[in-house]
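Text of protein-v2.txt (compact mmCIF, N, CA and C atoms) as supplied:
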# COMPACT_ATOMS: atom_id res chain seq x y z
N MET O 24 0.83 -1.19 0.00
CA MET O 24 0.00 0.00 0.00
C MET O 24 0.88 1.26 0.00
N PHE O 25 1.92 1.27 0.84
CA PHE O 25 2.80 2.43 0.89
C PHE O 25 3.61 2.57 -0.38
N LYS O 26 3.91 1.44 -1.02
CA LYS O 26 4.66 1.47 -2.28
C LYS O 26 3.84 2.20 -3.36
N ASN O 27 2.56 1.88 -3.44
CA ASN O 27 1.69 2.55 -4.42
C ASN O 27 1.54 4.03 -4.09
N PHE O 28 1.43 4.34 -2.80
CA PHE O 28 1.32 5.74 -2.39
C PHE O 28 2.57 6.51 -2.76
N LYS O 29 3.73 5.91 -2.54
CA LYS O 29 5.00 6.54 -2.88
C LYS O 29 5.10 6.75 -4.39
N SER O 30 4.71 5.77 -5.18
CA SER O 30 4.76 5.92 -6.64
C SER O 30 3.78 7.00 -7.11
N PHE O 31 2.64 7.11 -6.44
CA PHE O 31 1.68 8.16 -6.77
C PHE O 31 2.28 9.54 -6.51
N LEU O 32 2.93 9.70 -5.35
CA LEU O 32 3.52 10.99 -5.00
C LEU O 32 4.70 11.35 -5.89
N MET O 33 5.41 10.37 -6.37
CA MET O 33 6.62 10.64 -7.14
C MET O 33 6.34 10.78 -8.64
N ARG O 34 5.11 10.60 -9.05
CA ARG O 34 4.78 10.82 -10.46
C ARG O 34 5.03 12.28 -10.79
N GLY O 35 5.40 12.56 -12.02
CA GLY O 35 5.72 13.92 -12.43
C GLY O 35 4.58 14.89 -12.24
N ASN O 36 3.35 14.48 -12.49
CA ASN O 36 2.21 15.39 -12.41
C ASN O 36 2.04 15.96 -11.01
N VAL O 37 2.14 15.10 -10.00
CA VAL O 37 1.91 15.53 -8.62
C VAL O 37 3.00 16.49 -8.18
N VAL O 38 4.24 16.15 -8.47
CA VAL O 38 5.35 17.00 -8.07
C VAL O 38 5.29 18.35 -8.82
N ASP O 39 5.01 18.30 -10.11
CA ASP O 39 4.89 19.54 -10.89
C ASP O 39 3.76 20.42 -10.37
N LEU O 40 2.65 19.81 -10.04
CA LEU O 40 1.52 20.57 -9.51
C LEU O 40 1.85 21.19 -8.17
N ALA O 41 2.53 20.46 -7.31
CA ALA O 41 2.92 21.00 -6.00
C ALA O 41 3.86 22.19 -6.17
N ILE O 42 4.81 22.07 -7.06
CA ILE O 42 5.74 23.17 -7.32
C ILE O 42 4.98 24.37 -7.88
N ALA O 43 4.04 24.13 -8.78
CA ALA O 43 3.27 25.23 -9.37
C ALA O 43 2.45 25.95 -8.30
N VAL O 44 1.88 25.22 -7.35
CA VAL O 44 1.09 25.84 -6.29
C VAL O 44 1.97 26.72 -5.41
N VAL O 45 3.14 26.21 -5.05
CA VAL O 45 4.05 26.97 -4.19
C VAL O 45 4.54 28.22 -4.91
N VAL O 46 4.97 28.08 -6.15
CA VAL O 46 5.45 29.23 -6.92
C VAL O 46 4.30 30.21 -7.16
N GLY O 47 3.11 29.70 -7.42
CA GLY O 47 1.95 30.57 -7.61
C GLY O 47 1.62 31.37 -6.37
N ALA O 48 1.71 30.75 -5.21
CA ALA O 48 1.45 31.46 -3.96
C ALA O 48 2.49 32.56 -3.73
N ALA O 49 3.74 32.25 -4.01
CA ALA O 49 4.79 33.26 -3.86
C ALA O 49 4.59 34.39 -4.86
N PHE O 50 4.23 34.05 -6.07
CA PHE O 50 4.01 35.07 -7.10
C PHE O 50 2.80 35.93 -6.76
N THR O 51 1.77 35.32 -6.18
CA THR O 51 0.59 36.07 -5.74
C THR O 51 0.98 37.13 -4.72
N ALA O 52 1.86 36.77 -3.80
CA ALA O 52 2.31 37.74 -2.79
C ALA O 52 3.05 38.90 -3.46
N VAL O 53 3.86 38.61 -4.46
CA VAL O 53 4.60 39.67 -5.17
C VAL O 53 3.62 40.59 -5.89
N VAL O 54 2.67 40.02 -6.62
CA VAL O 54 1.71 40.85 -7.37
C VAL O 54 0.84 41.66 -6.42
N ASN O 55 0.37 41.06 -5.34
CA ASN O 55 -0.46 41.80 -4.38
C ASN O 55 0.33 42.94 -3.74
N ALA O 56 1.59 42.71 -3.42
CA ALA O 56 2.42 43.78 -2.85
C ALA O 56 2.62 44.91 -3.86
N MET O 57 2.83 44.55 -5.12
CA MET O 57 3.00 45.59 -6.14
C MET O 57 1.73 46.43 -6.28
N VAL O 58 0.58 45.76 -6.29
CA VAL O 58 -0.68 46.50 -6.41
C VAL O 58 -0.91 47.37 -5.18
N LYS O 59 -0.71 46.81 -3.98
CA LYS O 59 -0.98 47.53 -2.74
C LYS O 59 0.01 48.67 -2.51
N ASP O 60 1.29 48.40 -2.78
CA ASP O 60 2.33 49.37 -2.42
C ASP O 60 2.72 50.33 -3.54
N LEU O 61 2.42 49.99 -4.78
CA LEU O 61 2.82 50.85 -5.89
C LEU O 61 1.64 51.42 -6.67
N LEU O 62 0.73 50.55 -7.10
CA LEU O 62 -0.33 51.01 -7.97
C LEU O 62 -1.46 51.73 -7.22
N THR O 63 -1.85 51.23 -6.05
CA THR O 63 -2.91 51.89 -5.29
C THR O 63 -2.49 53.28 -4.83
N PRO O 64 -1.27 53.49 -4.33
CA PRO O 64 -0.86 54.87 -4.01
C PRO O 64 -0.81 55.77 -5.25
N LEU O 65 -0.52 55.19 -6.40
CA LEU O 65 -0.56 55.97 -7.65
C LEU O 65 -1.98 56.44 -7.92
N LEU O 66 -2.95 55.56 -7.70
CA LEU O 66 -4.36 55.94 -7.84
C LEU O 66 -4.71 57.04 -6.85
N ALA O 67 -4.21 56.95 -5.63
CA ALA O 67 -4.47 57.98 -4.62
C ALA O 67 -3.86 59.30 -5.03
N ALA O 68 -2.68 59.27 -5.63
CA ALA O 68 -2.03 60.50 -6.07
C ALA O 68 -2.81 61.16 -7.20
N ILE O 69 -3.36 60.35 -8.07
CA ILE O 69 -4.12 60.90 -9.22
C ILE O 69 -5.53 61.28 -8.80
N GLY O 70 -6.24 60.38 -8.13
CA GLY O 70 -7.64 60.61 -7.80
C GLY O 70 -7.89 61.20 -6.44
N GLY O 71 -6.90 61.14 -5.57
CA GLY O 71 -7.06 61.71 -4.25
C GLY O 71 -7.68 60.78 -3.23
N LYS O 72 -8.07 59.57 -3.63
CA LYS O 72 -8.72 58.67 -2.68
C LYS O 72 -8.29 57.23 -2.99
N PRO O 73 -7.40 56.62 -2.16
CA PRO O 73 -6.94 55.27 -2.46
C PRO O 73 -7.90 54.17 -1.99
N ASP O 74 -8.80 54.50 -1.08
CA ASP O 74 -9.67 53.49 -0.49
C ASP O 74 -11.12 53.93 -0.61
N PHE O 75 -11.93 53.10 -1.25
CA PHE O 75 -13.34 53.44 -1.46
C PHE O 75 -14.25 52.73 -0.47
N SER O 76 -13.71 52.05 0.53
CA SER O 76 -14.53 51.22 1.41
C SER O 76 -15.55 52.02 2.21
N ALA O 77 -15.34 53.31 2.41
CA ALA O 77 -16.28 54.12 3.18
C ALA O 77 -17.49 54.57 2.34
N LEU O 78 -17.45 54.36 1.04
CA LEU O 78 -18.56 54.79 0.18
C LEU O 78 -19.76 53.88 0.38
N SER O 79 -20.93 54.50 0.56
CA SER O 79 -22.15 53.72 0.75
C SER O 79 -23.35 54.61 0.46
N PHE O 80 -24.49 53.96 0.36
CA PHE O 80 -25.75 54.71 0.28
C PHE O 80 -26.81 53.93 1.05
N GLU O 81 -27.87 54.63 1.42
CA GLU O 81 -28.92 54.01 2.22
C GLU O 81 -30.23 54.05 1.44
N LEU O 82 -30.95 52.94 1.50
CA LEU O 82 -32.23 52.83 0.82
C LEU O 82 -33.16 52.03 1.71
N ASN O 83 -34.25 52.67 2.13
CA ASN O 83 -35.23 52.03 3.04
C ASN O 83 -34.55 51.45 4.28
N HIS O 84 -33.73 52.22 4.90
CA HIS O 84 -33.02 51.87 6.13
C HIS O 84 -32.05 50.69 5.95
N SER O 85 -31.66 50.41 4.71
CA SER O 85 -30.65 49.39 4.43
C SER O 85 -29.42 50.09 3.86
N LYS O 86 -28.28 49.77 4.42
CA LYS O 86 -27.04 50.41 4.01
C LYS O 86 -26.32 49.54 2.99
N PHE O 87 -26.03 50.10 1.82
CA PHE O 87 -25.33 49.41 0.75
C PHE O 87 -23.89 49.92 0.70
N LEU O 88 -22.93 49.04 1.01
CA LEU O 88 -21.52 49.39 1.03
C LEU O 88 -20.90 49.06 -0.33
N TYR O 89 -21.11 49.91 -1.29
CA TYR O 89 -20.59 49.64 -2.63
C TYR O 89 -19.11 49.99 -2.74
N GLY O 90 -18.54 50.64 -1.76
CA GLY O 90 -17.13 50.99 -1.79
C GLY O 90 -16.22 49.78 -1.77
N ASP O 91 -16.58 48.75 -0.99
CA ASP O 91 -15.77 47.52 -0.99
C ASP O 91 -15.79 46.85 -2.36
N PHE O 92 -16.93 46.89 -3.02
CA PHE O 92 -17.03 46.33 -4.36
C PHE O 92 -16.12 47.11 -5.32
N LEU O 93 -16.13 48.43 -5.21
CA LEU O 93 -15.24 49.25 -6.05
C LEU O 93 -13.77 48.93 -5.77
N ASN O 94 -13.42 48.76 -4.49
CA ASN O 94 -12.05 48.37 -4.15
C ASN O 94 -11.66 47.05 -4.81
N ALA O 95 -12.57 46.09 -4.78
CA ALA O 95 -12.29 44.78 -5.39
C ALA O 95 -12.11 44.91 -6.90
N ILE O 96 -12.94 45.72 -7.54
CA ILE O 96 -12.83 45.92 -8.98
C ILE O 96 -11.50 46.59 -9.34
N VAL O 97 -11.14 47.63 -8.60
CA VAL O 97 -9.88 48.34 -8.86
C VAL O 97 -8.69 47.40 -8.63
N ALA O 98 -8.73 46.63 -7.56
CA ALA O 98 -7.65 45.68 -7.28
C ALA O 98 -7.54 44.63 -8.38
N PHE O 99 -8.68 44.12 -8.83
CA PHE O 99 -8.67 43.14 -9.92
C PHE O 99 -8.08 43.74 -11.18
N LEU O 100 -8.49 44.95 -11.54
CA LEU O 100 -7.95 45.59 -12.75
C LEU O 100 -6.46 45.83 -12.63
N PHE O 101 -6.01 46.24 -11.46
CA PHE O 101 -4.57 46.45 -11.25
C PHE O 101 -3.80 45.13 -11.35
N VAL O 102 -4.32 44.08 -10.73
CA VAL O 102 -3.65 42.79 -10.79
C VAL O 102 -3.62 42.27 -12.23
N ALA O 103 -4.75 42.35 -12.93
CA ALA O 103 -4.79 41.89 -14.31
C ALA O 103 -3.83 42.68 -15.19
N THR O 104 -3.77 43.99 -14.98
CA THR O 104 -2.85 44.83 -15.75
C THR O 104 -1.40 44.47 -15.44
N ALA O 105 -1.10 44.31 -14.18
CA ALA O 105 0.28 43.95 -13.79
C ALA O 105 0.66 42.59 -14.36
N ILE O 106 -0.21 41.62 -14.28
CA ILE O 106 0.09 40.29 -14.82
C ILE O 106 0.33 40.37 -16.32
N TYR O 107 -0.52 41.12 -17.02
CA TYR O 107 -0.38 41.20 -18.48
C TYR O 107 0.93 41.87 -18.88
N PHE O 108 1.19 43.05 -18.31
CA PHE O 108 2.35 43.82 -18.75
C PHE O 108 3.68 43.31 -18.20
N PHE O 109 3.67 42.64 -17.04
CA PHE O 109 4.92 42.20 -16.46
C PHE O 109 5.18 40.71 -16.58
N VAL O 110 4.17 39.92 -17.02
CA VAL O 110 4.38 38.48 -17.18
C VAL O 110 4.00 38.02 -18.58
N VAL O 111 2.75 38.22 -18.97
CA VAL O 111 2.26 37.68 -20.24
C VAL O 111 2.99 38.29 -21.43
N SER O 112 3.05 39.60 -21.49
CA SER O 112 3.69 40.26 -22.62
C SER O 112 5.18 39.94 -22.72
N PRO O 113 5.96 40.01 -21.64
CA PRO O 113 7.38 39.63 -21.77
C PRO O 113 7.57 38.15 -22.14
N MET O 114 6.73 37.26 -21.60
CA MET O 114 6.86 35.84 -21.95
C MET O 114 6.54 35.60 -23.42
N ALA O 115 5.54 36.29 -23.95
CA ALA O 115 5.21 36.15 -25.37
C ALA O 115 6.36 36.65 -26.23
N ALA O 116 6.97 37.76 -25.84
CA ALA O 116 8.11 38.29 -26.59
C ALA O 116 9.29 37.32 -26.52
N LEU O 117 9.52 36.73 -25.36
CA LEU O 117 10.61 35.77 -25.20
C LEU O 117 10.37 34.53 -26.05
N ASN O 118 9.15 34.01 -26.03
CA ASN O 118 8.81 32.85 -26.86
C ASN O 118 8.97 33.16 -28.34
N GLU O 119 8.55 34.33 -28.75
CA GLU O 119 8.70 34.73 -30.16
C GLU O 119 10.17 34.82 -30.54
N ARG O 120 10.98 35.37 -29.66
CA ARG O 120 12.42 35.50 -29.92
C ARG O 120 13.06 34.12 -30.03
N MET O 121 12.61 33.17 -29.19
CA MET O 121 13.18 31.82 -29.23
C MET O 121 12.76 31.07 -30.49
N LYS O 122 11.60 31.36 -31.05
CA LYS O 122 11.11 30.68 -32.24
C LYS O 122 11.72 31.21 -33.53
N ARG O 123 12.37 32.35 -33.49
CA ARG O 123 12.91 32.96 -34.72
C ARG O 123 13.90 32.05 -35.43
N GLY O 124 14.69 31.31 -34.69
CA GLY O 124 15.71 30.46 -35.29
C GLY O 124 15.18 29.15 -35.84
N GLU O 125 13.95 28.77 -35.51
CA GLU O 125 13.40 27.50 -35.96
C GLU O 125 12.89 27.61 -37.38
N PRO O 126 13.12 26.57 -38.19
CA PRO O 126 12.56 26.58 -39.55
C PRO O 126 11.05 26.40 -39.48
N SER O 127 10.35 26.95 -40.44
CA SER O 127 8.90 26.80 -40.45
C SER O 127 8.54 25.36 -40.81
N PRO O 128 7.46 24.85 -40.24
CA PRO O 128 7.10 23.46 -40.52
C PRO O 128 6.66 23.29 -41.97
N ASP O 129 6.84 22.07 -42.49
CA ASP O 129 6.42 21.78 -43.85
C ASP O 129 4.90 21.90 -43.94
N PRO O 130 4.39 22.41 -45.07
CA PRO O 130 2.93 22.54 -45.19
C PRO O 130 2.27 21.16 -45.27
N THR O 131 1.07 21.08 -44.75
CA THR O 131 0.32 19.82 -44.78
C THR O 131 -0.86 19.89 -45.75
N THR O 132 -1.14 21.08 -46.27
CA THR O 132 -2.25 21.24 -47.21
C THR O 132 -1.79 22.02 -48.43
N LYS O 133 -2.60 21.93 -49.46
CA LYS O 133 -2.37 22.70 -50.68
C LYS O 133 -3.73 23.19 -51.18
N SER O 134 -3.72 24.11 -52.12
CA SER O 134 -4.96 24.64 -52.67
C SER O 134 -5.36 23.85 -53.90
N CYS O 135 -6.64 23.57 -54.01
CA CYS O 135 -7.17 22.94 -55.22
C CYS O 135 -7.12 23.98 -56.33
N PRO O 136 -6.61 23.64 -57.53
CA PRO O 136 -6.53 24.63 -58.60
C PRO O 136 -7.90 25.03 -59.16
N GLU O 137 -8.92 24.20 -58.95
CA GLU O 137 -10.24 24.50 -59.47
C GLU O 137 -11.08 25.36 -58.52
N CYS O 138 -11.21 24.92 -57.26
CA CYS O 138 -12.11 25.62 -56.33
C CYS O 138 -11.37 26.37 -55.23
N LEU O 139 -10.03 26.26 -55.20
CA LEU O 139 -9.18 26.95 -54.24
C LEU O 139 -9.41 26.53 -52.79
N SER O 140 -10.02 25.36 -52.55
CA SER O 140 -10.20 24.83 -51.21
C SER O 140 -8.87 24.24 -50.74
N GLN O 141 -8.70 24.20 -49.42
CA GLN O 141 -7.49 23.59 -48.84
C GLN O 141 -7.71 22.09 -48.74
N ILE O 142 -6.79 21.32 -49.34
CA ILE O 142 -6.87 19.86 -49.31
C ILE O 142 -5.53 19.32 -48.85
N PRO O 143 -5.48 18.07 -48.37
CA PRO O 143 -4.20 17.49 -47.94
C PRO O 143 -3.21 17.42 -49.10
N ILE O 144 -1.94 17.50 -48.78
CA ILE O 144 -0.88 17.47 -49.78
C ILE O 144 -0.96 16.21 -50.63
N ALA O 145 -1.21 15.06 -50.02
CA ALA O 145 -1.20 13.79 -50.74
C ALA O 145 -2.49 13.51 -51.51
N ALA O 146 -3.46 14.39 -51.46
CA ALA O 146 -4.75 14.15 -52.12
C ALA O 146 -4.59 14.10 -53.63
N LYS O 147 -5.29 13.14 -54.24
CA LYS O 147 -5.27 13.01 -55.70
C LYS O 147 -6.51 13.64 -56.32
N ARG O 148 -7.53 13.82 -55.47
CA ARG O 148 -8.79 14.39 -55.93
C ARG O 148 -9.30 15.34 -54.86
N CYS O 149 -9.88 16.46 -55.24
CA CYS O 149 -10.39 17.45 -54.30
C CYS O 149 -11.66 16.92 -53.64
N ALA O 150 -11.74 17.03 -52.33
CA ALA O 150 -12.91 16.55 -51.59
C ALA O 150 -14.11 17.47 -51.78
N PHE O 151 -13.89 18.67 -52.26
CA PHE O 151 -14.96 19.65 -52.38
C PHE O 151 -15.57 19.68 -53.79
N CYS O 152 -14.70 19.73 -54.81
CA CYS O 152 -15.22 19.82 -56.18
C CYS O 152 -14.97 18.55 -56.98
N THR O 153 -14.27 17.58 -56.42
CA THR O 153 -13.95 16.27 -56.98
C THR O 153 -13.07 16.34 -58.23
N SER O 154 -12.44 17.45 -58.49
CA SER O 154 -11.55 17.51 -59.65
C SER O 154 -10.25 16.79 -59.32
N VAL O 155 -9.61 16.24 -60.35
CA VAL O 155 -8.35 15.55 -60.20
C VAL O 155 -7.26 16.62 -59.96
N VAL O 156 -6.43 16.35 -58.97
CA VAL O 156 -5.38 17.29 -58.62
C VAL O 156 -4.05 16.65 -58.97
N ALA O 157 -3.22 17.38 -59.69
CA ALA O 157 -1.92 16.86 -60.08
C ALA O 157 -1.04 16.68 -58.85
N GLN O 158 -0.31 15.56 -58.81
CA GLN O 158 0.60 15.30 -57.69
C GLN O 158 1.88 16.10 -57.89
N PRO O 159 2.42 16.64 -56.81
CA PRO O 159 3.69 17.36 -56.93
C PRO O 159 4.81 16.39 -57.29
N VAL O 160 5.73 16.85 -58.12
CA VAL O 160 6.86 16.03 -58.53
C VAL O 160 7.84 15.98 -57.37
N ALA O 161 8.26 14.78 -57.00
CA ALA O 161 9.20 14.62 -55.89
C ALA O 161 10.58 15.12 -56.31
N ALA O 162 11.22 15.85 -55.42
CA ALA O 162 12.55 16.37 -55.71
C ALA O 162 13.57 15.25 -55.60
N LYS O 163 14.53 15.26 -56.51
CA LYS O 163 15.55 14.19 -56.51
C LYS O 163 16.81 14.68 -55.89

Output the file's structure as structure tokens, nothing else.
Amino acid sequence: MFKNFKSFLMRGNVVDLAIAVVVGAAFTAVVNAMVKDLLTPLLAAIGGKPDFSALSFELNHSKFLYGDFLNAIVAFLFVATAIYFFVVSPMAALNERMKRGEPSPDPTTKSCPECLSQIPIAAKRCAFCTSVVAQPVAAK
């Protein structure tokens, strides 16, 4: 029983997932600190009010605290913006830079000369218009 449990824990998926959770928690702390310590004070400098939690209105003796909701929306927008500009965009640029040296993959389709539909390279007849398609001459 313990042997199976040990093999379960040592599988790549479980270990990778555990590492991802730990790194994600640490990264969450970094992003939250950036939003709280850098972006929210910037909002206060521009708008004059960093915290909307005191905003509310009353209707039929019921108090609606919409300020907390506004705080959550602003925090979400700041976190999403920070993630996009400091993680997603640089990673996309890095991936693009790494792919520049790779040759483009060989095409798997070609155009039918009659109807211009995309058909497999090895096709002898078009699946759309049924016209006979000439086979490409193999390079020697």

Taking only stretch 76-153 of chain O into account, list the residues labelled helix (DSSP H, G or I) by DSSP (computed from the backbone), as a ChimeraX atom specification. /O:89-122

Taking 6 positions as the minimum chain separation for residues in the same chain, which residues sit within 9 Å of O:Thr63 when counting only C-alpha atoms? Answer as a list in words. Met57, Pro73, Asp74, Val97, Ala98 and Phe101 of chain O

Have a look at O:Met121, O:Ala48, O:Ala146, O:Leu62 and name the one nearest to O:Lys133; count all atoms listed in the file.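 The closest residue to O:Lys133 is O:Ala146.
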
Atom C of O:Phe75 to atom N of O:Thr51: how many Å, to one decimal? 24.3 Å

Just the number, please: distance in Å from atom C of O:Ile106 to atom N of O:Val54, one decimal.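 For atom C of O:Ile106 relative to atom N of O:Val54, the distance reads 10.0 Å.
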